[in-house]
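Structure, as structure tokens:
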2 protein chains.
Amino acid sequence: MAMTRRNFLTRVGQAGGYAAAFASMQSLGLLPMKATAEESVLAASGIGKGIRIAVLGGGVAGLASAYEAKKLGYDVTVLEAKPHVGGRNWSARAGDVVEFVDGTKQPVTWSDGLYQNMGAGRLPSVHSNILSYCKELGVPLEVEVNTSRSSFLQSDKVNEGKPFVQRKVINDTRGNVSELLSKAVQNGSLDQELSSEDKQRMTEFLKVYGPLDMSGKYKGSDRADIKQYPGAGAQEMIVNDHTIPMHTLLDANFWNGVLFEEAWDWQATMFQPINGMQQISFGFERALGNAVIKDAPVTEIAKTSSGVRITYTKKGRSEHIDADYAICAMPLTILNKTKADLDPAHKTAVAAAAPAYRSAFKIAWESRRFWEKDYNLYGGLSFTTQGPSPIWYPSAKMMTERGVVVVGYMDEHDTKFNELTMDERFARSRASMEKMHPGHGHELEKPIYDAWKQIKWNEGSWVGAMSAQTYETLTTPDGPIFFAGDHTSHIVGWQEGAALSGKRAVQMISDRVKSKLA
Amino acid sequence: MAMTRRNFLTRVGQAGGYAAAFASMQSLGLLPMKATAEESVLAASGIGKGIRIAVLGGGVAGLASAYEAKKLGYDVTVLEAKPHVGGRNWSARAGDVVEFVDGTKQPVTWSDGLYQNMGAGRLPSVHSNILSYCKELGVPLEVEVNTSRSSFLQSDKVNEGKPFVQRKVINDTRGNVSELLSKAVQNGSLDQELSSEDKQRMTEFLKVYGPLDMSGKYKGSDRADIKQYPGAGAQEMIVNDHTIPMHTLLDANFWNGVLFEEAWDWQATMFQPINGMQQISFGFERALGNAVIKDAPVTEIAKTSSGVRITYTKKGRSEHIDADYAICAMPLTILNKTKADLDPAHKTAVAAAAPAYRSAFKIAWESRRFWEKDYNLYGGLSFTTQGPSPIWYPSAKMMTERGVVVVGYMDEHDTKFNELTMDERFARSRASMEKMHPGHGHELEKPIYDAWKQIKWNEGSWVGAMSAQTYETLTTPDGPIFFAGDHTSHIVGWQEGAALSGKRAVQMISDRVKSKLA
């Protein structure tokens, strides 16, 4: 995200108590940071008694808001426009329909038990808040395999378009880099940087790191490419010493596929709920009981003398809720179209952010799991440089017969996929699979094109860049109306941001309740 | 393993048909290698009818031998000395006893449901044969997390003995290497190696790879160390720009902990059976039915005019089996002590290999899973340079309250742990945990020291280096006696080697049966 880096410390006072004091002490090095930890709303038990909160939007931010509010005794109601909770926390399966704003409907017809997480698909182990919710809500998790060394990297520009295995690209890259550095160390060109002792140690280290042979050459290794795997009896390992030259690696530009596993929120260990990400929403819904009203689109947000009046539609009738506070956890795209009694600054901010929403899509197919048996490829991502990418292999139900695989998770405006017919989209997606796993493109069946910019009641995958002022306004309440959603966090597009934003909204409301009592 | 690399192609004829022709064609580049694939024994259906095979030893090699033989119609009996099958495929849990040859007994008293894989603990996804057995035998698998970026690396020599998080060490190492190489590229010292275009591309690549800033300096990144994680509202990410200098990294010598995840058989994705590795043995045992005789140590292996006579003890009585063939899948340490009618070459080979067995141990403790909640550490390995290492966190039943953690998986001769008292061993192991996770050493309870060199009926963890001639002899039958075990493969210490050796033994017997019929 190309968001302006705001001064952290000056924001502490304005943003309210939530975690800020603790966080600023950490940033100043006053407290040791052991690990990320889930935050708790700091408020007196039962502070919410007799106070009504309307939560607008039943995605993860809205659900977490309502859940935290309910724990503190608030009388809470969640209004969700769709027939199911979760928002982008959605695991599509047979019987579900992907419904676009233009009326296009794609019924999901995958085999029994198969699903795809169309929105959020990963839980990093450093996202402590959403992980804690899983535990609290009784949502069992399994490992999400984000990286498999058996996955592929493909570019039309190199290797005659044939894919390389990730283990080869990663390890040949390090091997080439090590060989070049070893030469530089030995030819004296880094004598300004390294003591003579460190030059010696560096040379030895690079032999391990590359690995390099005794003369400092990279000749491949079993990390990168094994021509013949070892077996019983006479069958010895034979390493492929045909390594990829640095020149070719530079042509290929595989760096995204080489480095994605190092991004802080993509690093191992990652998780996913067993049976789909949506189990998290269902967990919240169980805990909230009849506080959740589904199929209930909000039609008006009004301020009243005592708080807010939220009007919504249910079974074709207009209904309303009067509440002391509202937590607006709707996508800004939808809020921007909803009649809302916001002050000019907030109206401007919403109007500025709404068009900035990104248009990520996933194309998901049912298929035989040929990648598992035929390629030893269990989970992980393969990247192609020219077509729909990545291929995201399922971590769920591995070693069964069939699964749902994503072939193409990109932005439809960046790729102009929004200008294609549905058939063209699927043809390109299938072609990507065929490039990566020749002979297997035809095994893909029952495609679904889930483009979040077109999805009814979402109209965007996540917010893109916004100005510092817009962000500041959207994270500040407008009278009785508070805002939640990953777009009110610095973890945009992640459930952790949504969960934290929900806690923060309840913290701010509770701080206000407390100040009124004082 | 420091084994002489033998000439592969000259061995093909001698070693028999099993996979050899196929493998040699692959090594010559005549066939494309898509992935590792499980091997099948090539023999006529029912070829074993009326032919009796005695399998000596019910570890994975013996069980796989018996299973393959049974599929071909052989009349098979497995003799296992212990009260349970599996050998080093053993998941200790409450009620089990670790029994040493000197009579030492350690009863396992961990809480209900907890276990530790004392021997084999990982299934690489490229070990296709053992994975296929899991599928065939109905043994459900889960992901084994071999690498967590939240794991630790510790050395007394650096950082005042405090551990570094693995993500920092791995990414700061690459950052330092990239900065040095970027300097060398720019100061012209690699002009012999790189064209001017590639110099430019190399410089740009290193900015991504490091990552380096615009001036080519490494200043840390969110891949390596985040001082403040991003949150809701004002809480922005703050990257720690205090990176570990290359000099310190060279002092620390963390390379084992940095690179282990790249070893071909330690690369993601890895698996483990749900509820313990021993589920594989139990699966074989179910399939073999009453062909398995447990608590039945072999006391004599004799050749007869029609095959072999195997004498064993059962309930204090001496019994025997007459069979056409024997597959000896006992550890060579045990075979070397057993009265056996082997030819001089085989006797010499067994006697040469037996003392070469290694003496790996694991120290396992029950503990609260403080590493998960307090350190976001789910699975993976932490390494310490001076004490018992690594710490191997359980991938099983993550997010529950208690687990069994290994603190020290080393060789007791290399470390002189064999010279310590049990209390001293446990004290050192606990101290390692205290170094890595200060304040948590006291949470370790109910330690078990499983040292395979001392385990009754094993007396060794896996075979160490042996001469080419010894290996050649041990992989060649002695009349009606065939040999199996990971020690007859080039995948020593892995179940894949054991499984392949079992298939190979049945292949060789079937080839002989076929040649007799011809």
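Letters A, B, ... go to the chains of the structure tokens in the order shown; residues in each chain start at 1; ligands are counted from 1 in the same order.
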
List every residue of region 288-498 of chain A that DSSP, applied to the backbone, labels as helix (DSSP H, G or I), and write the result as a ChimeraX atom specification.
-> /A:288-291,332-335,344-356,370-375,417-419,422-436,441-443,468-474,486-488,495-498

Would you list which chain A residues are within 7 Å of chain B using only C-alpha atoms, as an NGL selection string?
-> :A and (8 or 11 or 15 or 27 or 34-35 or 125-126 or 143 or 147-149 or 181 or 184 or 189-190 or 198 or 201 or 222-223 or 227-228 or 230-236 or 247 or 250 or 262-264 or 267-269 or 374-376 or 378 or 475 or 488-491 or 497 or 500-501 or 504)

How would you write, as a PyMOL selection string, the set of residues in region 98-284 of chain A that DSSP gives as strand (DSSP E)?
-> chain A and resi 98-99+105-107+115-117+123-124+141-144+152-154+164-165+226-228+238-239+270-273

Output file for the residues above (N, CA and C atoms, as a compact mmCIF listing (two decimals), in the first residue's frame):
```txt
# COMPACT_ATOMS: atom_id res chain seq x y z
N VAL A 98 -22.41 -16.99 -6.89
CA VAL A 98 -21.63 -15.75 -6.99
C VAL A 98 -22.47 -14.75 -7.77
N GLU A 99 -22.86 -13.69 -7.10
CA GLU A 99 -23.82 -12.76 -7.69
C GLU A 99 -23.17 -11.40 -7.92
N LYS A 105 -25.15 -14.27 -12.51
CA LYS A 105 -25.15 -15.23 -11.39
C LYS A 105 -24.38 -16.48 -11.81
N GLN A 106 -23.45 -16.90 -10.96
CA GLN A 106 -22.69 -18.12 -11.22
C GLN A 106 -22.99 -19.10 -10.08
N PRO A 107 -23.82 -20.09 -10.35
CA PRO A 107 -24.08 -21.09 -9.29
C PRO A 107 -22.84 -21.99 -9.13
N TYR A 115 -14.69 -26.77 -1.49
CA TYR A 115 -14.99 -25.34 -1.35
C TYR A 115 -13.77 -24.53 -1.73
N GLN A 116 -13.98 -23.25 -1.89
CA GLN A 116 -12.86 -22.33 -2.08
C GLN A 116 -13.10 -21.09 -1.24
N ASN A 117 -12.04 -20.66 -0.53
CA ASN A 117 -12.11 -19.39 0.18
C ASN A 117 -11.94 -18.28 -0.86
N LEU A 123 -4.24 -17.40 7.39
CA LEU A 123 -4.09 -16.82 8.72
C LEU A 123 -2.61 -16.89 9.12
N PRO A 124 -1.89 -15.79 9.06
CA PRO A 124 -0.48 -15.83 9.49
C PRO A 124 -0.41 -16.07 11.01
N LEU A 141 -8.36 -25.21 13.45
CA LEU A 141 -7.49 -24.79 12.36
C LEU A 141 -6.62 -25.94 11.87
N GLU A 142 -6.14 -25.78 10.65
CA GLU A 142 -5.13 -26.68 10.11
C GLU A 142 -4.08 -25.80 9.43
N VAL A 143 -2.94 -26.39 9.13
CA VAL A 143 -1.87 -25.63 8.50
C VAL A 143 -2.25 -25.27 7.07
N GLU A 144 -2.04 -24.04 6.70
CA GLU A 144 -2.18 -23.62 5.31
C GLU A 144 -0.76 -23.60 4.75
N PHE A 152 6.02 -24.34 -8.87
CA PHE A 152 6.66 -24.00 -10.15
C PHE A 152 6.75 -22.49 -10.37
N LEU A 153 7.72 -22.10 -11.16
CA LEU A 153 7.85 -20.73 -11.64
C LEU A 153 8.04 -20.81 -13.15
N GLN A 154 7.24 -20.06 -13.88
CA GLN A 154 7.25 -20.18 -15.33
C GLN A 154 7.27 -18.80 -15.97
N PHE A 164 10.19 -23.96 -14.23
CA PHE A 164 11.22 -24.45 -13.31
C PHE A 164 10.54 -24.79 -11.98
N VAL A 165 11.13 -25.74 -11.28
CA VAL A 165 10.64 -26.02 -9.93
C VAL A 165 11.20 -24.95 -8.99
N ILE A 226 17.58 -32.55 -8.25
CA ILE A 226 18.08 -33.92 -8.18
C ILE A 226 17.66 -34.62 -9.46
N LYS A 227 18.64 -35.09 -10.20
CA LYS A 227 18.34 -35.74 -11.48
C LYS A 227 17.82 -37.14 -11.21
N GLN A 228 18.43 -37.79 -10.25
CA GLN A 228 17.95 -39.12 -9.85
C GLN A 228 17.89 -39.16 -8.33
N ILE A 238 21.75 -38.55 -7.90
CA ILE A 238 22.54 -37.82 -8.88
C ILE A 238 22.00 -36.39 -8.94
N VAL A 239 22.86 -35.46 -8.58
CA VAL A 239 22.48 -34.05 -8.60
C VAL A 239 22.59 -33.52 -10.02
N MET A 270 1.48 -20.71 8.63
CA MET A 270 0.18 -20.12 8.36
C MET A 270 -0.92 -21.16 8.59
N PHE A 271 -2.12 -20.65 8.83
CA PHE A 271 -3.25 -21.55 9.13
C PHE A 271 -4.46 -21.25 8.27
N GLN A 272 -5.41 -22.16 8.34
CA GLN A 272 -6.74 -21.94 7.77
C GLN A 272 -7.71 -22.76 8.61
N PRO A 273 -8.94 -22.29 8.73
CA PRO A 273 -9.93 -23.12 9.45
C PRO A 273 -10.22 -24.38 8.65
```

May I have the residues within 12 Å of Thr304 (chain B) as an NGL selection string, using only C-alpha atoms and disregarding those fewer than 2 positions away in the same chain?
-> :B and (301-302 or 306-310 or 321-326 or 341-342 or 479-481)

Have a look at CA of Lys70 (chain B) and CA of Asp295 (chain B) and let me know their distance in Å, one decimal.
->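 About the pair CA of Lys70 (chain B) and CA of Asp295 (chain B): they are 21.4 Å apart.
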
For Phe383 (chain A), the nearest of the candidates A:Glu445, A:Asp96, A:Asp75, A:Asp156, counting only C-alpha atoms | A:Asp156

Neighbour list for Gly46 (chain A) as a compact mmCIF listing (two decimals) with N, CA and C atoms, in the first residue's frame, cut-off 9 Å, only C-alpha atoms, skip fewer than 3 positions in-chain:
```txt
# COMPACT_ATOMS: atom_id res chain seq x y z
N ALA A 43 -12.15 -2.00 29.30
CA ALA A 43 -13.36 -1.31 29.76
C ALA A 43 -13.93 -2.09 30.92
N LYS A 49 -24.18 -2.06 29.57
CA LYS A 49 -25.56 -2.38 29.97
C LYS A 49 -26.52 -1.24 29.66
N LYS A 71 -19.84 -8.82 24.75
CA LYS A 71 -19.10 -9.26 25.94
C LYS A 71 -19.15 -8.20 27.05
N LEU A 72 -19.23 -6.92 26.64
CA LEU A 72 -19.25 -5.82 27.62
C LEU A 72 -20.67 -5.44 28.00
N GLY A 73 -21.66 -6.20 27.55
CA GLY A 73 -23.03 -5.97 27.99
C GLY A 73 -23.85 -5.06 27.09
N TYR A 74 -23.27 -4.56 26.03
CA TYR A 74 -24.05 -3.73 25.10
C TYR A 74 -25.16 -4.57 24.48
```

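For the pair CA of Ala360 (chain B) and CA of Met410 (chain B), the separation is 5.3 Å.
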
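Across the structure, CA of Glu401 (chain B) and CA of Leu114 (chain B) are spaced 10.8 Å apart.
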
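Closest approach to Met433 (chain B) from the set B:Pro163, B:Leu288, B:Ala465, B:Ser515 is made by B:Pro163, with distances taken over only C-alpha atoms.
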
Which residues come within 9 Å of Val506 (chain A), counting only C-alpha atoms, excluding same-chain residues fewer than 5 positions away, as a PyMOL selection string?
-> chain A and resi 41+65-66+68-69+327+482+501+511

So which residues touch Gly441 (chain B) within 12 Å, counting only C-alpha atoms, skipping near sequence neighbours fewer than 2 positions away, as a list in words?
->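 Close residues of Gly441 (chain B): Trp365, Glu366, Ser367, Arg368, Phe370, Trp371, Val405, Val407, Phe426, Ala427, Arg428, Ser429, Arg430, Ala431, Ser432, Met433, Glu434, Lys435, Met436, His437, Pro438, Gly439, Glu443, Leu444 and Glu445 of chain B.
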